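A.B. asks: Okay, so here is data.txt, and as you'll see once you scroll down, it has compact mmCIF, N, CA and C atoms and all ligand atoms.
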# COMPACT_ATOMS: atom_id res chain seq x y z
N MET N 269 67.15 -19.51 51.39
CA MET N 269 65.69 -19.36 51.57
C MET N 269 65.41 -18.40 52.73
N CYS N 270 64.41 -17.56 52.58
CA CYS N 270 64.11 -16.56 53.63
C CYS N 270 63.42 -17.23 54.82
N VAL N 271 63.44 -16.53 55.94
CA VAL N 271 62.93 -17.09 57.19
C VAL N 271 61.43 -17.46 57.08
N PHE N 272 60.65 -16.65 56.38
CA PHE N 272 59.22 -16.98 56.28
C PHE N 272 58.98 -18.14 55.31
N CYS N 273 59.80 -18.27 54.27
CA CYS N 273 59.72 -19.46 53.42
C CYS N 273 60.05 -20.71 54.23
N LYS N 274 61.00 -20.57 55.17
CA LYS N 274 61.35 -21.72 56.02
C LYS N 274 60.18 -22.08 56.93
N ILE N 275 59.45 -21.09 57.40
CA ILE N 275 58.25 -21.37 58.21
C ILE N 275 57.19 -22.07 57.35
N VAL N 276 57.00 -21.57 56.12
CA VAL N 276 56.04 -22.20 55.18
C VAL N 276 56.41 -23.66 54.97
N ASN N 277 57.73 -23.92 54.82
CA ASN N 277 58.21 -25.28 54.57
C ASN N 277 58.39 -26.11 55.84
N LYS N 278 57.99 -25.53 56.97
CA LYS N 278 58.08 -26.20 58.29
C LYS N 278 59.52 -26.57 58.65
N GLU N 279 60.45 -25.79 58.14
CA GLU N 279 61.87 -26.01 58.49
C GLU N 279 62.22 -25.31 59.78
N ILE N 280 61.49 -24.25 60.10
CA ILE N 280 61.61 -23.67 61.44
C ILE N 280 60.20 -23.54 62.02
N PRO N 281 60.10 -23.68 63.35
CA PRO N 281 58.77 -23.72 63.96
C PRO N 281 58.12 -22.34 64.04
N ALA N 282 56.82 -22.34 64.10
CA ALA N 282 56.05 -21.12 64.34
C ALA N 282 54.73 -21.54 64.98
N LYS N 283 54.15 -20.60 65.73
CA LYS N 283 52.83 -20.86 66.33
C LYS N 283 51.79 -20.49 65.29
N VAL N 284 51.45 -21.49 64.47
CA VAL N 284 50.55 -21.28 63.33
C VAL N 284 49.10 -21.21 63.81
N VAL N 285 48.37 -20.20 63.38
CA VAL N 285 46.96 -20.07 63.73
C VAL N 285 46.03 -20.30 62.53
N TYR N 286 46.61 -20.26 61.32
CA TYR N 286 45.80 -20.49 60.12
C TYR N 286 46.72 -20.94 58.99
N GLU N 287 46.21 -21.88 58.18
CA GLU N 287 46.97 -22.30 57.00
C GLU N 287 46.02 -22.83 55.95
N ASP N 288 46.25 -22.43 54.69
CA ASP N 288 45.59 -23.07 53.56
C ASP N 288 46.61 -23.19 52.44
N ASP N 289 46.17 -23.48 51.23
CA ASP N 289 47.15 -23.72 50.17
C ASP N 289 47.90 -22.45 49.74
N LYS N 290 47.36 -21.29 50.04
CA LYS N 290 47.97 -20.03 49.57
C LYS N 290 48.56 -19.15 50.67
N VAL N 291 48.06 -19.33 51.89
CA VAL N 291 48.30 -18.37 52.97
C VAL N 291 48.65 -19.09 54.27
N MET N 292 49.47 -18.41 55.08
CA MET N 292 49.78 -18.93 56.41
C MET N 292 49.73 -17.76 57.40
N ALA N 293 49.34 -18.04 58.63
CA ALA N 293 49.32 -17.00 59.67
C ALA N 293 49.87 -17.59 60.95
N PHE N 294 50.71 -16.81 61.62
CA PHE N 294 51.37 -17.31 62.84
C PHE N 294 51.66 -16.13 63.76
N HIS N 295 51.90 -16.44 65.04
CA HIS N 295 52.21 -15.40 66.02
C HIS N 295 53.57 -14.79 65.74
N ASP N 296 53.65 -13.46 65.84
CA ASP N 296 54.94 -12.77 65.74
C ASP N 296 55.81 -13.18 66.93
N ILE N 297 57.08 -13.42 66.64
CA ILE N 297 58.02 -13.89 67.67
C ILE N 297 58.31 -12.80 68.71
N ASN N 298 58.08 -11.56 68.34
CA ASN N 298 58.37 -10.42 69.22
C ASN N 298 57.15 -9.48 69.23
N PRO N 299 56.06 -9.93 69.89
CA PRO N 299 54.79 -9.22 69.76
C PRO N 299 54.82 -7.78 70.25
N GLN N 300 54.20 -6.90 69.47
CA GLN N 300 54.13 -5.47 69.80
C GLN N 300 52.76 -5.09 70.35
N ALA N 301 51.90 -6.06 70.55
CA ALA N 301 50.55 -5.84 71.10
C ALA N 301 50.10 -7.19 71.66
N PRO N 302 49.05 -7.20 72.51
CA PRO N 302 48.57 -8.48 73.07
C PRO N 302 48.27 -9.51 71.98
N VAL N 303 47.71 -9.06 70.87
CA VAL N 303 47.56 -9.94 69.69
C VAL N 303 48.46 -9.39 68.59
N HIS N 304 49.38 -10.20 68.11
CA HIS N 304 50.26 -9.78 67.00
C HIS N 304 50.51 -11.00 66.12
N ILE N 305 49.73 -11.06 65.05
CA ILE N 305 49.79 -12.18 64.11
C ILE N 305 50.38 -11.67 62.80
N LEU N 306 51.16 -12.50 62.14
CA LEU N 306 51.65 -12.20 60.80
C LEU N 306 50.91 -13.08 59.81
N VAL N 307 50.35 -12.47 58.78
CA VAL N 307 49.66 -13.22 57.73
C VAL N 307 50.49 -13.08 56.46
N ILE N 308 50.88 -14.20 55.89
CA ILE N 308 51.79 -14.17 54.73
C ILE N 308 51.25 -15.02 53.58
N PRO N 309 51.57 -14.61 52.35
CA PRO N 309 51.34 -15.53 51.23
C PRO N 309 52.40 -16.62 51.28
N LYS N 310 52.07 -17.83 50.88
CA LYS N 310 53.09 -18.89 50.83
C LYS N 310 54.11 -18.59 49.74
N GLU N 311 53.64 -17.95 48.68
CA GLU N 311 54.57 -17.54 47.61
C GLU N 311 55.54 -16.49 48.13
N HIS N 312 56.80 -16.62 47.75
CA HIS N 312 57.80 -15.63 48.17
C HIS N 312 57.68 -14.37 47.31
N ILE N 313 56.97 -13.37 47.86
CA ILE N 313 56.87 -12.05 47.24
C ILE N 313 57.61 -11.12 48.19
N PRO N 314 58.71 -10.49 47.76
CA PRO N 314 59.54 -9.74 48.72
C PRO N 314 58.82 -8.55 49.37
N THR N 315 58.24 -7.68 48.55
CA THR N 315 57.64 -6.46 49.11
C THR N 315 56.36 -6.12 48.35
N VAL N 316 55.64 -5.12 48.83
CA VAL N 316 54.46 -4.62 48.11
C VAL N 316 54.86 -4.20 46.69
N ASN N 317 56.07 -3.68 46.55
CA ASN N 317 56.54 -3.24 45.21
C ASN N 317 56.56 -4.38 44.19
N ASP N 318 56.62 -5.60 44.67
CA ASP N 318 56.71 -6.76 43.78
C ASP N 318 55.35 -7.36 43.42
N LEU N 319 54.27 -6.76 43.91
CA LEU N 319 52.94 -7.28 43.59
C LEU N 319 52.62 -7.05 42.12
N GLU N 320 51.97 -8.04 41.54
CA GLU N 320 51.57 -7.96 40.13
C GLU N 320 50.06 -8.19 40.03
N GLU N 321 49.52 -7.91 38.84
CA GLU N 321 48.09 -8.11 38.59
C GLU N 321 47.64 -9.50 39.03
N LYS N 322 48.47 -10.49 38.78
CA LYS N 322 48.09 -11.88 39.09
C LYS N 322 47.91 -12.13 40.59
N HIS N 323 48.39 -11.19 41.43
CA HIS N 323 48.29 -11.37 42.88
C HIS N 323 47.02 -10.76 43.47
N LYS N 324 46.18 -10.14 42.64
CA LYS N 324 45.02 -9.41 43.17
C LYS N 324 44.10 -10.30 44.01
N GLU N 325 43.84 -11.49 43.52
CA GLU N 325 42.95 -12.40 44.24
C GLU N 325 43.59 -12.84 45.56
N LEU N 326 44.89 -13.10 45.51
CA LEU N 326 45.63 -13.51 46.71
C LEU N 326 45.54 -12.44 47.79
N ILE N 327 45.72 -11.19 47.42
CA ILE N 327 45.68 -10.11 48.41
C ILE N 327 44.26 -9.97 48.99
N GLY N 328 43.26 -10.11 48.15
CA GLY N 328 41.88 -10.10 48.64
C GLY N 328 41.64 -11.25 49.61
N HIS N 329 42.17 -12.40 49.27
CA HIS N 329 42.03 -13.59 50.13
C HIS N 329 42.71 -13.35 51.47
N ILE N 330 43.89 -12.74 51.45
CA ILE N 330 44.62 -12.45 52.70
C ILE N 330 43.75 -11.60 53.63
N PHE N 331 43.06 -10.62 53.07
CA PHE N 331 42.21 -9.78 53.93
C PHE N 331 41.01 -10.56 54.49
N MET N 332 40.50 -11.52 53.74
CA MET N 332 39.42 -12.35 54.28
C MET N 332 39.96 -13.22 55.42
N VAL N 333 41.21 -13.68 55.29
CA VAL N 333 41.84 -14.48 56.35
C VAL N 333 42.07 -13.60 57.59
N ILE N 334 42.53 -12.37 57.36
CA ILE N 334 42.76 -11.43 58.47
C ILE N 334 41.45 -11.22 59.25
N LYS N 335 40.37 -11.00 58.52
CA LYS N 335 39.06 -10.79 59.14
C LYS N 335 38.66 -11.99 60.00
N LYS N 336 38.87 -13.18 59.47
CA LYS N 336 38.53 -14.42 60.18
C LYS N 336 39.37 -14.58 61.45
N ILE N 337 40.66 -14.33 61.34
CA ILE N 337 41.55 -14.47 62.50
C ILE N 337 41.19 -13.43 63.57
N ALA N 338 40.91 -12.20 63.14
CA ALA N 338 40.54 -11.15 64.10
C ALA N 338 39.32 -11.58 64.91
N LYS N 339 38.36 -12.18 64.23
CA LYS N 339 37.16 -12.66 64.93
C LYS N 339 37.51 -13.77 65.91
N GLU N 340 38.32 -14.73 65.44
CA GLU N 340 38.72 -15.86 66.31
C GLU N 340 39.51 -15.40 67.52
N MET N 341 40.32 -14.36 67.35
CA MET N 341 41.15 -13.85 68.44
C MET N 341 40.35 -12.95 69.38
N GLY N 342 39.09 -12.67 69.01
CA GLY N 342 38.23 -11.87 69.87
C GLY N 342 38.51 -10.38 69.82
N ILE N 343 39.11 -9.91 68.72
CA ILE N 343 39.44 -8.48 68.63
C ILE N 343 38.64 -7.77 67.53
N ALA N 344 37.73 -8.50 66.91
CA ALA N 344 36.99 -7.90 65.79
C ALA N 344 36.20 -6.67 66.24
N GLU N 345 35.53 -6.79 67.38
CA GLU N 345 34.69 -5.68 67.86
C GLU N 345 35.52 -4.59 68.51
N SER N 346 36.49 -4.98 69.33
CA SER N 346 37.31 -3.96 70.01
C SER N 346 38.19 -3.21 69.02
N GLY N 347 38.60 -3.90 67.98
CA GLY N 347 39.35 -3.24 66.91
C GLY N 347 40.78 -3.69 66.80
N TYR N 348 41.37 -3.36 65.69
CA TYR N 348 42.74 -3.81 65.41
C TYR N 348 43.34 -2.98 64.29
N ARG N 349 44.60 -3.24 64.01
CA ARG N 349 45.30 -2.54 62.94
C ARG N 349 45.97 -3.57 62.04
N VAL N 350 45.91 -3.33 60.74
CA VAL N 350 46.61 -4.16 59.75
C VAL N 350 47.69 -3.30 59.13
N LEU N 351 48.92 -3.79 59.15
CA LEU N 351 50.05 -2.95 58.79
C LEU N 351 51.03 -3.73 57.89
N VAL N 352 51.50 -3.06 56.87
CA VAL N 352 52.52 -3.66 55.99
C VAL N 352 53.67 -2.67 55.85
N ASN N 353 54.86 -3.10 56.19
CA ASN N 353 56.05 -2.26 56.02
C ASN N 353 56.69 -2.57 54.68
N CYS N 354 57.22 -1.52 54.03
CA CYS N 354 57.92 -1.73 52.76
C CYS N 354 59.26 -1.01 52.74
N ASN N 355 60.28 -1.83 52.50
CA ASN N 355 61.64 -1.30 52.31
C ASN N 355 62.16 -0.50 53.52
N ARG N 356 63.21 0.24 53.31
CA ARG N 356 63.98 0.83 54.41
C ARG N 356 63.17 1.82 55.25
N ASP N 357 62.55 2.78 54.59
CA ASP N 357 61.82 3.79 55.36
C ASP N 357 60.58 3.22 56.03
N GLY N 358 60.04 2.15 55.48
CA GLY N 358 58.90 1.46 56.11
C GLY N 358 59.33 0.59 57.27
N GLY N 359 60.64 0.39 57.42
CA GLY N 359 61.15 -0.43 58.52
C GLY N 359 61.00 -1.92 58.27
N GLN N 360 60.96 -2.33 57.00
CA GLN N 360 60.81 -3.75 56.70
C GLN N 360 62.09 -4.51 57.06
N GLU N 361 61.93 -5.58 57.82
CA GLU N 361 63.09 -6.39 58.24
C GLU N 361 63.14 -7.71 57.50
N ILE N 362 61.97 -8.27 57.22
CA ILE N 362 61.91 -9.57 56.53
C ILE N 362 61.33 -9.32 55.14
N TYR N 363 62.10 -9.69 54.14
CA TYR N 363 61.70 -9.39 52.75
C TYR N 363 60.91 -10.54 52.14
N HIS N 364 59.83 -10.87 52.84
CA HIS N 364 58.78 -11.79 52.38
C HIS N 364 57.50 -11.10 52.84
N LEU N 365 56.68 -10.69 51.89
CA LEU N 365 55.48 -9.90 52.19
C LEU N 365 54.73 -10.47 53.39
N HIS N 366 54.38 -9.59 54.33
CA HIS N 366 53.60 -10.03 55.49
C HIS N 366 52.74 -8.89 55.98
N PHE N 367 51.56 -9.26 56.48
CA PHE N 367 50.58 -8.32 57.01
C PHE N 367 50.56 -8.51 58.52
N HIS N 368 50.91 -7.45 59.25
CA HIS N 368 50.82 -7.49 60.71
C HIS N 368 49.36 -7.27 61.10
N LEU N 369 48.83 -8.14 61.95
CA LEU N 369 47.51 -7.96 62.55
C LEU N 369 47.73 -7.71 64.04
N LEU N 370 47.43 -6.48 64.46
CA LEU N 370 47.73 -6.05 65.83
C LEU N 370 46.45 -5.65 66.54
N GLY N 371 46.30 -6.06 67.80
CA GLY N 371 45.12 -5.67 68.55
C GLY N 371 45.18 -6.17 69.98
N GLY N 372 44.04 -6.06 70.67
CA GLY N 372 43.96 -6.53 72.05
C GLY N 372 44.17 -5.43 73.07
N ALA N 373 44.49 -4.22 72.60
CA ALA N 373 44.68 -3.04 73.45
C ALA N 373 44.68 -1.82 72.53
N PRO N 374 44.40 -0.63 73.08
CA PRO N 374 44.52 0.57 72.24
C PRO N 374 45.95 0.66 71.70
N LEU N 375 46.05 0.94 70.41
CA LEU N 375 47.36 0.85 69.74
C LEU N 375 48.08 2.18 69.63
N GLY N 376 47.46 3.25 70.05
CA GLY N 376 48.14 4.54 70.02
C GLY N 376 48.16 5.13 68.62
N PRO N 377 48.97 6.19 68.44
CA PRO N 377 48.97 6.88 67.15
C PRO N 377 49.44 5.98 66.02
N MET N 378 48.98 6.27 64.84
CA MET N 378 49.24 5.37 63.72
C MET N 378 50.72 5.32 63.34
N VAL N 379 51.38 6.44 63.35
CA VAL N 379 52.79 6.46 62.98
C VAL N 379 53.63 6.83 64.20
N CYS N 380 54.53 5.93 64.56
CA CYS N 380 55.42 6.18 65.70
C CYS N 380 56.84 6.41 65.16
N ARG N 381 57.50 7.41 65.66
CA ARG N 381 58.90 7.64 65.28
C ARG N 381 59.78 7.67 66.52
P1 LIG N 401 58.85 -6.22 59.42
O1 LIG N 401 59.67 -5.23 60.21
O2 LIG N 401 57.55 -5.64 58.94
O3 LIG N 401 59.66 -6.86 58.33
O4 LIG N 401 58.40 -7.32 60.45
C1 LIG N 401 59.05 -8.53 60.61
C2 LIG N 401 58.41 -9.19 61.80
O5 LIG N 401 58.73 -10.56 61.78
C3 LIG N 401 58.86 -8.62 63.15
O6 LIG N 401 57.72 -8.17 63.87
C4 LIG N 401 59.53 -9.82 63.82
O7 LIG N 401 59.32 -9.87 65.21
C5 LIG N 401 58.90 -10.99 63.11
N1 LIG N 401 59.67 -12.23 63.05
C6 LIG N 401 60.97 -12.36 62.70
N2 LIG N 401 61.33 -13.65 62.72
C7 LIG N 401 60.23 -14.36 63.07
C8 LIG N 401 59.96 -15.74 63.28
N3 LIG N 401 60.91 -16.69 63.11
N4 LIG N 401 58.71 -16.10 63.66
C9 LIG N 401 57.75 -15.18 63.86
N5 LIG N 401 57.95 -13.85 63.66
C10 LIG N 401 59.16 -13.45 63.29
ZN ZN N 402 60.23 -16.05 51.50
The structure in this file should be written as structure tokens.
C.D. replies:
Amino acid sequence: MCVFCKIVNKEIPAKVVYEDDKVMAFHDINPQAPVHILVIPKEHIPTVNDLEEKHKELIGHIFMVIKKIAKEMGIAESGYRVLVNCNRDGGQEIYHLHFHLLGGAPLGPMVCR
């Protein structure tokens, strides 16, 4: 089982900030900004490449959750970035779809190499 499935199943701990029947959100263990939350579907979907028509509502729901968390974290007005890495060139490390929510400070250029 992948590390994020283990978090969903509460087999490993996480600082959870949001949970419902479809989605979970928790603090990134190695934050890259003052606010760095990961929002994931509970379903194990490895990458964006694995999304299907049936996931359209889920992805829309994830963005509504992101919006809500951004407001709760106090970064809605100052701004934030939502980022999804895919596969090798995207720098994906965990193969369970996740949306990075980053904010709390100016984030610099969009693509860093
Ligand atoms: P990515 O490179 O897009 O696959 O991002 C994976 C992210 O998951 C990284 O930012 C890691 O710091 C984070 N991460 C890895 N393991 C954990 C964990 N157990 N709890 C919270 N975040 C994690
Ligand atoms: Zn998984």
A.B. asks: From a DSSP pass on the backbone, collect the residues of region 292-358 of chain N flagged as strand (DSSP E or B) and hand them back as a PyMOL selection string.
C.D. replies: chain N and resi 292-295+303-309+348-351
A.B. asks: Please give me, as a PyMOL selection string, the residues lying within 8 Å of ligand LIG 401 (chain N) when counting all atoms listed in the file.
C.D. replies: chain N and resi 271-272+275+280-283+294-300+305-306+351-355+358-368
A.B. asks: Can you tell me how far atom N of Val350 (chain N) sits from atom C of Val285 (chain N), in Å to one decimal?
C.D. replies: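 Between atom N of Val350 (chain N) and atom C of Val285 (chain N) the gap works out to 17.1 Å.
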A.B. asks: For Cys273 (chain N), which residue out of N:Ile327, N:Val333, N:Val291, N:Leu319 is the nearest one, using only C-alpha atoms?
C.D. replies: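 Among the listed residues, N:Val291 lies closest to Cys273 (chain N).
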A.B. asks: Could you jot down the CA of Asp289 (chain N) to CA of Lys310 (chain N) separation for me, Å, one decimal place?
C.D. replies: 7.7 Å
A.B. asks: Could you jot down the atom C of Ile330 (chain N) to atom C of Val307 (chain N) separation for me, Å, one decimal place?
C.D. replies: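 Taking atom C of Ile330 (chain N) and atom C of Val307 (chain N), their separation equals 7.5 Å.
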A.B. asks: I need the residues in chain N that are helix (DSSP H, G or I) according to DSSP; give them as JSON, numbers by chain.
C.D. replies: {"N": [271, 272, 273, 274, 275, 276, 316, 317, 318, 321, 322, 323, 324, 325, 326, 327, 328, 329, 330, 331, 332, 333, 334, 335, 336, 337, 338, 339, 340, 355, 356, 357, 358]}
A.B. asks: For N, CA and C atoms, I'd like the residues from the last selection saved as an mmCIF file, in the coordinates of the input.
C.D. replies:
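Output below, filename selection37.cif:
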data_model
loop_
_atom_site.group_PDB
_atom_site.id
_atom_site.type_symbol
_atom_site.label_atom_id
_atom_site.label_comp_id
_atom_site.auth_asym_id
_atom_site.auth_seq_id
_atom_site.Cartn_x
_atom_site.Cartn_y
_atom_site.Cartn_z
ATOM 1 N N VAL N 271 63.440 -16.530 55.940
ATOM 2 C CA VAL N 271 62.930 -17.090 57.190
ATOM 3 C C VAL N 271 61.430 -17.460 57.080
ATOM 4 N N PHE N 272 60.650 -16.650 56.380
ATOM 5 C CA PHE N 272 59.220 -16.980 56.280
ATOM 6 C C PHE N 272 58.980 -18.140 55.310
ATOM 7 N N CYS N 273 59.800 -18.270 54.270
ATOM 8 C CA CYS N 273 59.720 -19.460 53.420
ATOM 9 C C CYS N 273 60.050 -20.710 54.230
ATOM 10 N N LYS N 274 61.000 -20.570 55.170
ATOM 11 C CA LYS N 274 61.350 -21.720 56.020
ATOM 12 C C LYS N 274 60.180 -22.080 56.930
ATOM 13 N N ILE N 275 59.450 -21.090 57.400
ATOM 14 C CA ILE N 275 58.250 -21.370 58.210
ATOM 15 C C ILE N 275 57.190 -22.070 57.350
ATOM 16 N N VAL N 276 57.000 -21.570 56.120
ATOM 17 C CA VAL N 276 56.040 -22.200 55.180
ATOM 18 C C VAL N 276 56.410 -23.660 54.970
ATOM 19 N N VAL N 316 55.640 -5.120 48.830
ATOM 20 C CA VAL N 316 54.460 -4.620 48.110
ATOM 21 C C VAL N 316 54.860 -4.200 46.690
ATOM 22 N N ASN N 317 56.070 -3.680 46.550
ATOM 23 C CA ASN N 317 56.540 -3.240 45.210
ATOM 24 C C ASN N 317 56.560 -4.380 44.190
ATOM 25 N N ASP N 318 56.620 -5.600 44.670
ATOM 26 C CA ASP N 318 56.710 -6.760 43.780
ATOM 27 C C ASP N 318 55.350 -7.360 43.420
ATOM 28 N N GLU N 321 49.520 -7.910 38.840
ATOM 29 C CA GLU N 321 48.090 -8.110 38.590
ATOM 30 C C GLU N 321 47.640 -9.500 39.030
ATOM 31 N N LYS N 322 48.470 -10.490 38.780
ATOM 32 C CA LYS N 322 48.090 -11.880 39.090
ATOM 33 C C LYS N 322 47.910 -12.130 40.590
ATOM 34 N N HIS N 323 48.390 -11.190 41.430
ATOM 35 C CA HIS N 323 48.290 -11.370 42.880
ATOM 36 C C HIS N 323 47.020 -10.760 43.470
ATOM 37 N N LYS N 324 46.180 -10.140 42.640
ATOM 38 C CA LYS N 324 45.020 -9.410 43.170
ATOM 39 C C LYS N 324 44.100 -10.300 44.010
ATOM 40 N N GLU N 325 43.840 -11.490 43.520
ATOM 41 C CA GLU N 325 42.950 -12.400 44.240
ATOM 42 C C GLU N 325 43.590 -12.840 45.560
ATOM 43 N N LEU N 326 44.890 -13.100 45.510
ATOM 44 C CA LEU N 326 45.630 -13.510 46.710
ATOM 45 C C LEU N 326 45.540 -12.440 47.790
ATOM 46 N N ILE N 327 45.720 -11.190 47.420
ATOM 47 C CA ILE N 327 45.680 -10.110 48.410
ATOM 48 C C ILE N 327 44.260 -9.970 48.990
ATOM 49 N N GLY N 328 43.260 -10.110 48.150
ATOM 50 C CA GLY N 328 41.880 -10.100 48.640
ATOM 51 C C GLY N 328 41.640 -11.250 49.610
ATOM 52 N N HIS N 329 42.170 -12.400 49.270
ATOM 53 C CA HIS N 329 42.030 -13.590 50.130
ATOM 54 C C HIS N 329 42.710 -13.350 51.470
ATOM 55 N N ILE N 330 43.890 -12.740 51.450
ATOM 56 C CA ILE N 330 44.620 -12.450 52.700
ATOM 57 C C ILE N 330 43.750 -11.600 53.630
ATOM 58 N N PHE N 331 43.060 -10.620 53.070
ATOM 59 C CA PHE N 331 42.210 -9.780 53.930
ATOM 60 C C PHE N 331 41.010 -10.560 54.490
ATOM 61 N N MET N 332 40.500 -11.520 53.740
ATOM 62 C CA MET N 332 39.420 -12.350 54.280
ATOM 63 C C MET N 332 39.960 -13.220 55.420
ATOM 64 N N VAL N 333 41.210 -13.680 55.290
ATOM 65 C CA VAL N 333 41.840 -14.480 56.350
ATOM 66 C C VAL N 333 42.070 -13.600 57.590
ATOM 67 N N ILE N 334 42.530 -12.370 57.360
ATOM 68 C CA ILE N 334 42.760 -11.430 58.470
ATOM 69 C C ILE N 334 41.450 -11.220 59.250
ATOM 70 N N LYS N 335 40.370 -11.000 58.520
ATOM 71 C CA LYS N 335 39.060 -10.790 59.140
ATOM 72 C C LYS N 335 38.660 -11.990 60.000
ATOM 73 N N LYS N 336 38.870 -13.180 59.470
ATOM 74 C CA LYS N 336 38.530 -14.420 60.180
ATOM 75 C C LYS N 336 39.370 -14.580 61.450
ATOM 76 N N ILE N 337 40.660 -14.330 61.340
ATOM 77 C CA ILE N 337 41.550 -14.470 62.500
ATOM 78 C C ILE N 337 41.190 -13.430 63.570
ATOM 79 N N ALA N 338 40.910 -12.200 63.140
ATOM 80 C CA ALA N 338 40.540 -11.150 64.100
ATOM 81 C C ALA N 338 39.320 -11.580 64.910
ATOM 82 N N LYS N 339 38.360 -12.180 64.230
ATOM 83 C CA LYS N 339 37.160 -12.660 64.930
ATOM 84 C C LYS N 339 37.510 -13.770 65.910
ATOM 85 N N GLU N 340 38.320 -14.730 65.440
ATOM 86 C CA GLU N 340 38.720 -15.860 66.310
ATOM 87 C C GLU N 340 39.510 -15.400 67.520
ATOM 88 N N ASN N 355 60.280 -1.830 52.500
ATOM 89 C CA ASN N 355 61.640 -1.300 52.310
ATOM 90 C C ASN N 355 62.160 -0.500 53.520
ATOM 91 N N ARG N 356 63.210 0.240 53.310
ATOM 92 C CA ARG N 356 63.980 0.830 54.410
ATOM 93 C C ARG N 356 63.170 1.820 55.250
ATOM 94 N N ASP N 357 62.550 2.780 54.590
ATOM 95 C CA ASP N 357 61.820 3.790 55.360
ATOM 96 C C ASP N 357 60.580 3.220 56.030
ATOM 97 N N GLY N 358 60.040 2.150 55.480
ATOM 98 C CA GLY N 358 58.900 1.460 56.110
ATOM 99 C C GLY N 358 59.330 0.590 57.270
#
A.B. asks: Counting all atoms listed in the file, figure out which residue out of N:Ala301, N:Val284, N:Ile343, N:Ile313 gets nearest to ligand ZN 402 (chain N).
C.D. replies: N:Ile313
A.B. asks: Nearest residue to ligand ZN 402 (chain N) out of N:Pro314, N:Pro302, N:Gly342, N:Gly376, using only C-alpha atoms and all ligand atoms?
C.D. replies: N:Pro314
A.B. asks: With distances taken over only C-alpha atoms, which of N:Asp318, N:His312, N:Glu287, N:Pro377 is nearest to Ile334 (chain N)?
C.D. replies: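 Selected residue with least distance to Ile334 (chain N): N:Glu287.
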A.B. asks: I'd like to know which of N:Val379, N:Asp288, N:Gly372, N:Pro309 is closest to ligand ZN 402 (chain N), using all atoms listed in the file.
C.D. replies: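 For ligand ZN 402 (chain N), the nearest of the candidates is N:Pro309.
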